[in-house]
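The structure under discussion appears below in the form of structure tokens.
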Amino acid sequence: MPDNLFEVVVDQSEADEGDEGSGETPADGDGLLQLVNARRNQVVTVGGRTYQTTPEQATILSTSATRADRALRRVRELDPAWRPAPSLSDPNSAEGAIATYRALAQQAEARLTVIERGGLPLGFNTREEYANFGRSARTALNEAGFPEAVPYMRGSAVTGYSYRTGEAFDVGRRSGYDLAIVSPRLLEYLTASGVRTSGSGSRTQAAGPARLPAGPLRTWLEQIARDRPTSIVVHRSLRDLELRGPYQPMD
């Protein structure tokens, strides 16, 4: 692996001179010219891509890329299979690049947090708290008549970011839980109850409490959703779940 995934080069030799008004307006009739400040732009190359930036943008871009580089290298050492979400920002502009590297750093740092906590999903302060969550899930499944069903945690609490938006867990918002349950019987029951399926019938679509039939499982999800938005996907088998990406068993 190279020393730097995103090499940063700041080149002022190709800088353009630009004039920017100071914002000061002369008094009427005084005949003075408006003050003008000269500001030198900079050329910044990050990861082989070149950007025209202001000095402030150059500093922020360099810092963001360096932060992302360090976090991504560390994640790849501990979890080589981890991949960040596709960027939704314009990579051809300085501001877009800054947003991209900031998001990448946040995603990688969130995943590092999960790894360094021994797999404890984000949103839980202690392993005992997560174990209690798992026990409550199993109790709800037992009471619903599916004692063989096995619950797992998926989504941003495990990967560190939302695959749909690329946003890191709990950054700027209250993130939700994505629960996976492996049970062919529960899959069959929910399908018969009108919950839609995906993957050629191998799993349900994500369903919140309102989409589930009345019963212990729905009641439990409603309680969880008071703290965080929560949805479940029921899988036909563990293999079907594994094909969907990272997950964490519940103790």
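In the structure tokens, each chain is lettered A, B, ... as it comes, each chain's residues begin at 1, and ligands are numbered from 1 in order of appearance.
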
Among the residues of region 29-194 of chain A, find those DSSP assigns to strand (DSSP E) from the backbone and print them as a PDB file with N, CA and C atoms, in the first residue's frame.
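The file below, out-v7.pdb, is the result:
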```pdb
ATOM      1  N   VAL A  36      -9.114  47.740  -3.356  1.00  0.00           N
ATOM      2  CA  VAL A  36      -9.073  46.422  -3.978  1.00  0.00           C
ATOM      3  C   VAL A  36      -7.976  45.599  -3.321  1.00  0.00           C
ATOM      4  N   ASN A  37      -8.323  44.373  -2.970  1.00  0.00           N
ATOM      5  CA  ASN A  37      -7.340  43.459  -2.397  1.00  0.00           C
ATOM      6  C   ASN A  37      -6.990  42.396  -3.428  1.00  0.00           C
ATOM      7  N   ALA A  38      -5.733  42.122  -3.592  1.00  0.00           N
ATOM      8  CA  ALA A  38      -5.291  41.051  -4.489  1.00  0.00           C
ATOM      9  C   ALA A  38      -5.195  39.760  -3.683  1.00  0.00           C
ATOM     10  N   ARG A  39      -5.760  38.718  -4.231  1.00  0.00           N
ATOM     11  CA  ARG A  39      -5.691  37.424  -3.548  1.00  0.00           C
ATOM     12  C   ARG A  39      -5.182  36.379  -4.528  1.00  0.00           C
ATOM     13  N   ARG A  40      -4.225  35.591  -4.113  1.00  0.00           N
ATOM     14  CA  ARG A  40      -3.613  34.592  -4.975  1.00  0.00           C
ATOM     15  C   ARG A  40      -4.320  33.248  -4.785  1.00  0.00           C
ATOM     16  N   GLN A  42      -4.647  29.085  -5.482  1.00  0.00           N
ATOM     17  CA  GLN A  42      -3.675  28.007  -5.416  1.00  0.00           C
ATOM     18  C   GLN A  42      -4.163  26.807  -6.209  1.00  0.00           C
ATOM     19  N   VAL A  43      -3.217  26.025  -6.673  1.00  0.00           N
ATOM     20  CA  VAL A  43      -3.523  24.780  -7.373  1.00  0.00           C
ATOM     21  C   VAL A  43      -3.204  23.632  -6.425  1.00  0.00           C
ATOM     22  N   VAL A  44      -4.218  22.829  -6.113  1.00  0.00           N
ATOM     23  CA  VAL A  44      -4.045  21.715  -5.183  1.00  0.00           C
ATOM     24  C   VAL A  44      -4.338  20.416  -5.921  1.00  0.00           C
ATOM     25  N   THR A  45      -3.430  19.473  -5.826  1.00  0.00           N
ATOM     26  CA  THR A  45      -3.619  18.158  -6.430  1.00  0.00           C
ATOM     27  C   THR A  45      -3.794  17.132  -5.325  1.00  0.00           C
ATOM     28  N   VAL A  46      -4.921  16.426  -5.364  1.00  0.00           N
ATOM     29  CA  VAL A  46      -5.217  15.402  -4.368  1.00  0.00           C
ATOM     30  C   VAL A  46      -5.594  14.121  -5.094  1.00  0.00           C
ATOM     31  N   ARG A  49      -5.999  14.316  -8.850  1.00  0.00           N
ATOM     32  CA  ARG A  49      -6.970  15.261  -9.407  1.00  0.00           C
ATOM     33  C   ARG A  49      -6.599  16.676  -8.961  1.00  0.00           C
ATOM     34  N   THR A  50      -6.655  17.621  -9.888  1.00  0.00           N
ATOM     35  CA  THR A  50      -6.209  18.984  -9.618  1.00  0.00           C
ATOM     36  C   THR A  50      -7.390  19.933  -9.452  1.00  0.00           C
ATOM     37  N   TYR A  51      -7.257  20.846  -8.474  1.00  0.00           N
ATOM     38  CA  TYR A  51      -8.321  21.802  -8.173  1.00  0.00           C
ATOM     39  C   TYR A  51      -7.742  23.207  -8.076  1.00  0.00           C
ATOM     40  N   GLN A  52      -8.472  24.183  -8.603  1.00  0.00           N
ATOM     41  CA  GLN A  52      -8.169  25.589  -8.370  1.00  0.00           C
ATOM     42  C   GLN A  52      -8.881  25.992  -7.082  1.00  0.00           C
ATOM     43  N   THR A  53      -8.130  26.491  -6.117  1.00  0.00           N
ATOM     44  CA  THR A  53      -8.717  26.792  -4.815  1.00  0.00           C
ATOM     45  C   THR A  53      -8.271  28.156  -4.309  1.00  0.00           C
ATOM     46  N   VAL A 150     -33.588 -15.757  14.545  1.00  0.00           N
ATOM     47  CA  VAL A 150     -32.333 -15.225  15.088  1.00  0.00           C
ATOM     48  C   VAL A 150     -32.160 -13.773  14.630  1.00  0.00           C
ATOM     49  N   PRO A 151     -32.034 -12.833  15.579  1.00  0.00           N
ATOM     50  CA  PRO A 151     -31.887 -11.415  15.210  1.00  0.00           C
ATOM     51  C   PRO A 151     -30.422 -11.002  15.055  1.00  0.00           C
ATOM     52  N   TYR A 152     -30.192 -10.055  14.164  1.00  0.00           N
ATOM     53  CA  TYR A 152     -28.861  -9.496  13.920  1.00  0.00           C
ATOM     54  C   TYR A 152     -28.994  -7.992  13.728  1.00  0.00           C
ATOM     55  N   MET A 153     -27.869  -7.290  13.888  1.00  0.00           N
ATOM     56  CA  MET A 153     -27.822  -5.857  13.598  1.00  0.00           C
ATOM     57  C   MET A 153     -27.098  -5.647  12.279  1.00  0.00           C
ATOM     58  N   ARG A 154     -27.665  -4.778  11.436  1.00  0.00           N
ATOM     59  CA  ARG A 154     -27.040  -4.435  10.164  1.00  0.00           C
ATOM     60  C   ARG A 154     -27.018  -2.915  10.006  1.00  0.00           C
ATOM     61  N   TYR A 177     -31.824   2.108  13.487  1.00  0.00           N
ATOM     62  CA  TYR A 177     -31.313   0.741  13.517  1.00  0.00           C
ATOM     63  C   TYR A 177     -31.923  -0.052  12.364  1.00  0.00           C
ATOM     64  N   ASP A 178     -31.086  -0.843  11.717  1.00  0.00           N
ATOM     65  CA  ASP A 178     -31.534  -1.767  10.681  1.00  0.00           C
ATOM     66  C   ASP A 178     -31.352  -3.180  11.222  1.00  0.00           C
ATOM     67  N   LEU A 179     -32.449  -3.829  11.539  1.00  0.00           N
ATOM     68  CA  LEU A 179     -32.394  -5.163  12.123  1.00  0.00           C
ATOM     69  C   LEU A 179     -32.631  -6.220  11.055  1.00  0.00           C
ATOM     70  N   ALA A 180     -31.894  -7.294  11.157  1.00  0.00           N
ATOM     71  CA  ALA A 180     -32.088  -8.439  10.269  1.00  0.00           C
ATOM     72  C   ALA A 180     -32.519  -9.625  11.114  1.00  0.00           C
ATOM     73  N   ILE A 181     -33.483 -10.370  10.631  1.00  0.00           N
ATOM     74  CA  ILE A 181     -33.959 -11.562  11.327  1.00  0.00           C
ATOM     75  C   ILE A 181     -33.932 -12.726  10.351  1.00  0.00           C
ATOM     76  N   VAL A 182     -33.333 -13.813  10.771  1.00  0.00           N
ATOM     77  CA  VAL A 182     -33.285 -15.006   9.929  1.00  0.00           C
ATOM     78  C   VAL A 182     -34.343 -15.990  10.421  1.00  0.00           C
TER      79      VAL A 182
END
```

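Using only C-alpha atoms, the contacts of Arg203 (chain A) at a cut-off of 10 Å, with sequence neighbours closer than 2 positions omitted, comprise Ala180, Ile181, Val182, Ser183, Pro184, Leu187, Glu188, Thr191, Arg196, Thr197, Ser198, Gly199, Ser200, Gly201, Gln205, Ala206, Val233, Val234, His235, Arg236, Ser237, Asp240 and Leu241 of chain A.
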
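With only C-alpha atoms as the atoms that count, the residue of A:Glu242, A:Glu56, A:Glu109, A:Glu148 with the shortest distance to Leu186 (chain A) is A:Glu148.
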
Spatial neighbours of region 103-107 of chain A, max dist 7 Å, only C-alpha atoms, sep filter under 6 positions, as a compact mmCIF listing (two decimals) with N, CA, C and O atoms, in the first residue's frame:
```
# COMPACT_ATOMS: atom_id res chain seq x y z
N ARG A 67 -6.93 13.57 6.67
CA ARG A 67 -7.75 12.88 7.67
C ARG A 67 -8.38 11.61 7.09
O ARG A 67 -8.36 10.55 7.71
N ALA A 68 -8.91 11.72 5.86
CA ALA A 68 -9.52 10.56 5.21
C ALA A 68 -8.47 9.49 4.95
O ALA A 68 -8.73 8.29 5.12
N ALA A 71 -7.65 7.60 8.23
CA ALA A 71 -8.75 6.75 8.69
C ALA A 71 -8.95 5.54 7.78
O ALA A 71 -9.15 4.42 8.24
N PRO A 84 -16.31 2.24 1.46
CA PRO A 84 -17.14 3.42 1.74
C PRO A 84 -18.29 3.52 0.76
O PRO A 84 -18.29 2.87 -0.30
N GLY A 160 -20.96 1.97 9.94
CA GLY A 160 -20.53 3.32 10.28
C GLY A 160 -21.16 4.40 9.43
O GLY A 160 -21.00 5.58 9.72
N TYR A 161 -21.88 4.03 8.37
CA TYR A 161 -22.48 5.04 7.51
C TYR A 161 -23.72 4.49 6.83
O TYR A 161 -23.91 3.28 6.72
N GLU A 167 -23.99 9.27 4.75
CA GLU A 167 -23.79 10.01 6.00
C GLU A 167 -23.34 9.07 7.11
O GLU A 167 -23.84 7.96 7.24
N ALA A 168 -22.39 9.55 7.91
CA ALA A 168 -21.89 8.75 9.02
C ALA A 168 -22.96 8.64 10.11
O ALA A 168 -23.84 9.49 10.23
```

Extract, using only C-alpha atoms, all DNA, RNA and protein residues at most 9 Å from Ala97 (chain A), discarding same-chain residues fewer than 3 positions from it, and format them as an MDAnalysis selection string.
chainID A and resid 46 51 61 64:65 89:94 100:102

Separating CA of Glu77 (chain A) from CA of Tyr130 (chain A), to the nearest tenth of an Å, is a gap of 25.9 Å

With distances taken over only C-alpha atoms, the candidate from A:Pro229, A:Gly208, A:Pro216, A:Gly48 nearest Gly123 (chain A) is A:Pro229

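With distances restricted to only C-alpha atoms, A:Phe133 is the closest residue to Gln223 (chain A) from A:Glu143, A:Asp170, A:Phe133, A:Leu243.
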
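Taking CA of Ala99 (chain A) and CA of Arg228 (chain A) as endpoints, the distance between them is 26.2 Å.
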
- Contact residues around Leu112 (chain A) with only C-alpha atoms at 8 Å, ignoring same-chain residues under 4 positions, as an MDAnalysis selection string: chainID A and resid 71 74:75 108 116

Considering only C-alpha atoms, give me a table of residues in region 72-135 of chain A that are at most 10 Å from region 244-248 of chain A, with the closest atom pair and distance in Å for each, as JSON lines.
```
{"residue": "A:Ala81", "atom": "CA", "partner": "A:Pro246", "partner_atom": "CA", "distance": 9.3}
{"residue": "A:Trp82", "atom": "CA", "partner": "A:Pro246", "partner_atom": "CA", "distance": 8.6}
{"residue": "A:Gly119", "atom": "CA", "partner": "A:Gln248", "partner_atom": "CA", "distance": 7.1}
{"residue": "A:Leu120", "atom": "CA", "partner": "A:Gln248", "partner_atom": "CA", "distance": 8.1}
{"residue": "A:Pro121", "atom": "CA", "partner": "A:Gln248", "partner_atom": "CA", "distance": 7.5}
```

Those of region 152-235 of chain A in DSSP helix (DSSP H, G or I), formatted as an mmCIF file with N, CA and C atoms, in the first residue's frame:
```
data_model
loop_
_atom_site.group_PDB
_atom_site.id
_atom_site.type_symbol
_atom_site.label_atom_id
_atom_site.label_comp_id
_atom_site.auth_asym_id
_atom_site.auth_seq_id
_atom_site.Cartn_x
_atom_site.Cartn_y
_atom_site.Cartn_z
ATOM 1 N N SER A 156 -26.021 1.099 9.231
ATOM 2 C CA SER A 156 -25.022 2.089 9.627
ATOM 3 C C SER A 156 -24.488 1.878 11.035
ATOM 4 N N ALA A 157 -25.235 1.208 11.902
ATOM 5 C CA ALA A 157 -24.731 0.927 13.249
ATOM 6 C C ALA A 157 -23.547 -0.031 13.205
ATOM 7 N N VAL A 158 -23.424 -0.785 12.101
ATOM 8 C CA VAL A 158 -22.330 -1.744 11.939
ATOM 9 C C VAL A 158 -21.274 -1.231 10.967
ATOM 10 N N THR A 159 -21.711 -0.667 9.850
ATOM 11 C CA THR A 159 -20.751 -0.189 8.843
ATOM 12 C C THR A 159 -20.210 1.191 9.161
ATOM 13 N N PRO A 184 -37.196 -18.559 8.077
ATOM 14 C CA PRO A 184 -38.063 -18.816 6.918
ATOM 15 C C PRO A 184 -39.546 -18.803 7.284
ATOM 16 N N ARG A 185 -39.882 -19.219 8.505
ATOM 17 C CA ARG A 185 -41.293 -19.210 8.907
ATOM 18 C C ARG A 185 -41.818 -17.790 9.055
ATOM 19 N N LEU A 186 -41.006 -16.914 9.675
ATOM 20 C CA LEU A 186 -41.430 -15.523 9.832
ATOM 21 C C LEU A 186 -41.507 -14.837 8.472
ATOM 22 N N LEU A 187 -40.590 -15.168 7.585
ATOM 23 C CA LEU A 187 -40.638 -14.617 6.233
ATOM 24 C C LEU A 187 -41.940 -15.017 5.547
ATOM 25 N N GLU A 188 -42.304 -16.274 5.665
ATOM 26 C CA GLU A 188 -43.543 -16.760 5.052
ATOM 27 C C GLU A 188 -44.761 -16.073 5.670
ATOM 28 N N TYR A 189 -44.734 -15.909 6.993
ATOM 29 C CA TYR A 189 -45.864 -15.281 7.690
ATOM 30 C C TYR A 189 -46.036 -13.821 7.267
ATOM 31 N N LEU A 190 -44.940 -13.069 7.235
ATOM 32 C CA LEU A 190 -45.039 -11.658 6.873
ATOM 33 C C LEU A 190 -45.425 -11.483 5.409
ATOM 34 N N THR A 191 -44.924 -12.368 4.569
ATOM 35 C CA THR A 191 -45.302 -12.305 3.154
ATOM 36 C C THR A 191 -46.803 -12.518 2.999
ATOM 37 N N ALA A 192 -47.333 -13.489 3.734
ATOM 38 C CA ALA A 192 -48.777 -13.752 3.684
ATOM 39 C C ALA A 192 -49.577 -12.602 4.282
ATOM 40 N N PRO A 209 -42.542 -0.474 12.082
ATOM 41 C CA PRO A 209 -43.647 -1.028 12.878
ATOM 42 C C PRO A 209 -44.999 -0.947 12.181
ATOM 43 N N ALA A 210 -45.272 0.158 11.494
ATOM 44 C CA ALA A 210 -46.590 0.360 10.893
ATOM 45 C C ALA A 210 -46.898 -0.654 9.800
ATOM 46 N N ARG A 211 -45.881 -1.267 9.233
ATOM 47 C CA ARG A 211 -46.097 -2.213 8.134
ATOM 48 C C ARG A 211 -46.207 -3.656 8.613
ATOM 49 N N PRO A 216 -46.713 -9.013 19.257
ATOM 50 C CA PRO A 216 -45.551 -8.700 20.100
ATOM 51 C C PRO A 216 -44.380 -8.092 19.341
ATOM 52 N N LEU A 217 -44.125 -8.566 18.111
ATOM 53 C CA LEU A 217 -42.989 -8.039 17.353
ATOM 54 C C LEU A 217 -43.220 -6.577 16.985
ATOM 55 N N ARG A 218 -44.409 -6.271 16.538
ATOM 56 C CA ARG A 218 -44.728 -4.883 16.196
ATOM 57 C C ARG A 218 -44.665 -3.995 17.438
ATOM 58 N N THR A 219 -45.192 -4.472 18.553
ATOM 59 C CA THR A 219 -45.165 -3.694 19.796
ATOM 60 C C THR A 219 -43.734 -3.400 20.218
ATOM 61 N N TRP A 220 -42.867 -4.398 20.113
ATOM 62 C CA TRP A 220 -41.461 -4.208 20.483
ATOM 63 C C TRP A 220 -40.794 -3.179 19.579
ATOM 64 N N LEU A 221 -41.033 -3.281 18.277
ATOM 65 C CA LEU A 221 -40.439 -2.317 17.346
ATOM 66 C C LEU A 221 -40.944 -0.901 17.617
ATOM 67 N N GLU A 222 -42.196 -0.768 17.959
ATOM 68 C CA GLU A 222 -42.739 0.553 18.281
ATOM 69 C C GLU A 222 -42.026 1.149 19.487
ATOM 70 N N GLN A 223 -41.717 0.314 20.465
ATOM 71 C CA GLN A 223 -41.001 0.793 21.649
ATOM 72 C C GLN A 223 -39.585 1.239 21.288
ATOM 73 N N ILE A 224 -38.898 0.444 20.463
ATOM 74 C CA ILE A 224 -37.538 0.792 20.052
ATOM 75 C C ILE A 224 -37.542 2.074 19.228
ATOM 76 N N ALA A 225 -38.541 2.206 18.361
ATOM 77 C CA ALA A 225 -38.605 3.349 17.444
ATOM 78 C C ALA A 225 -38.858 4.669 18.162
#
```

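Going from CA of Leu122 (chain A) to CA of Ser231 (chain A) covers 15.9 Å.
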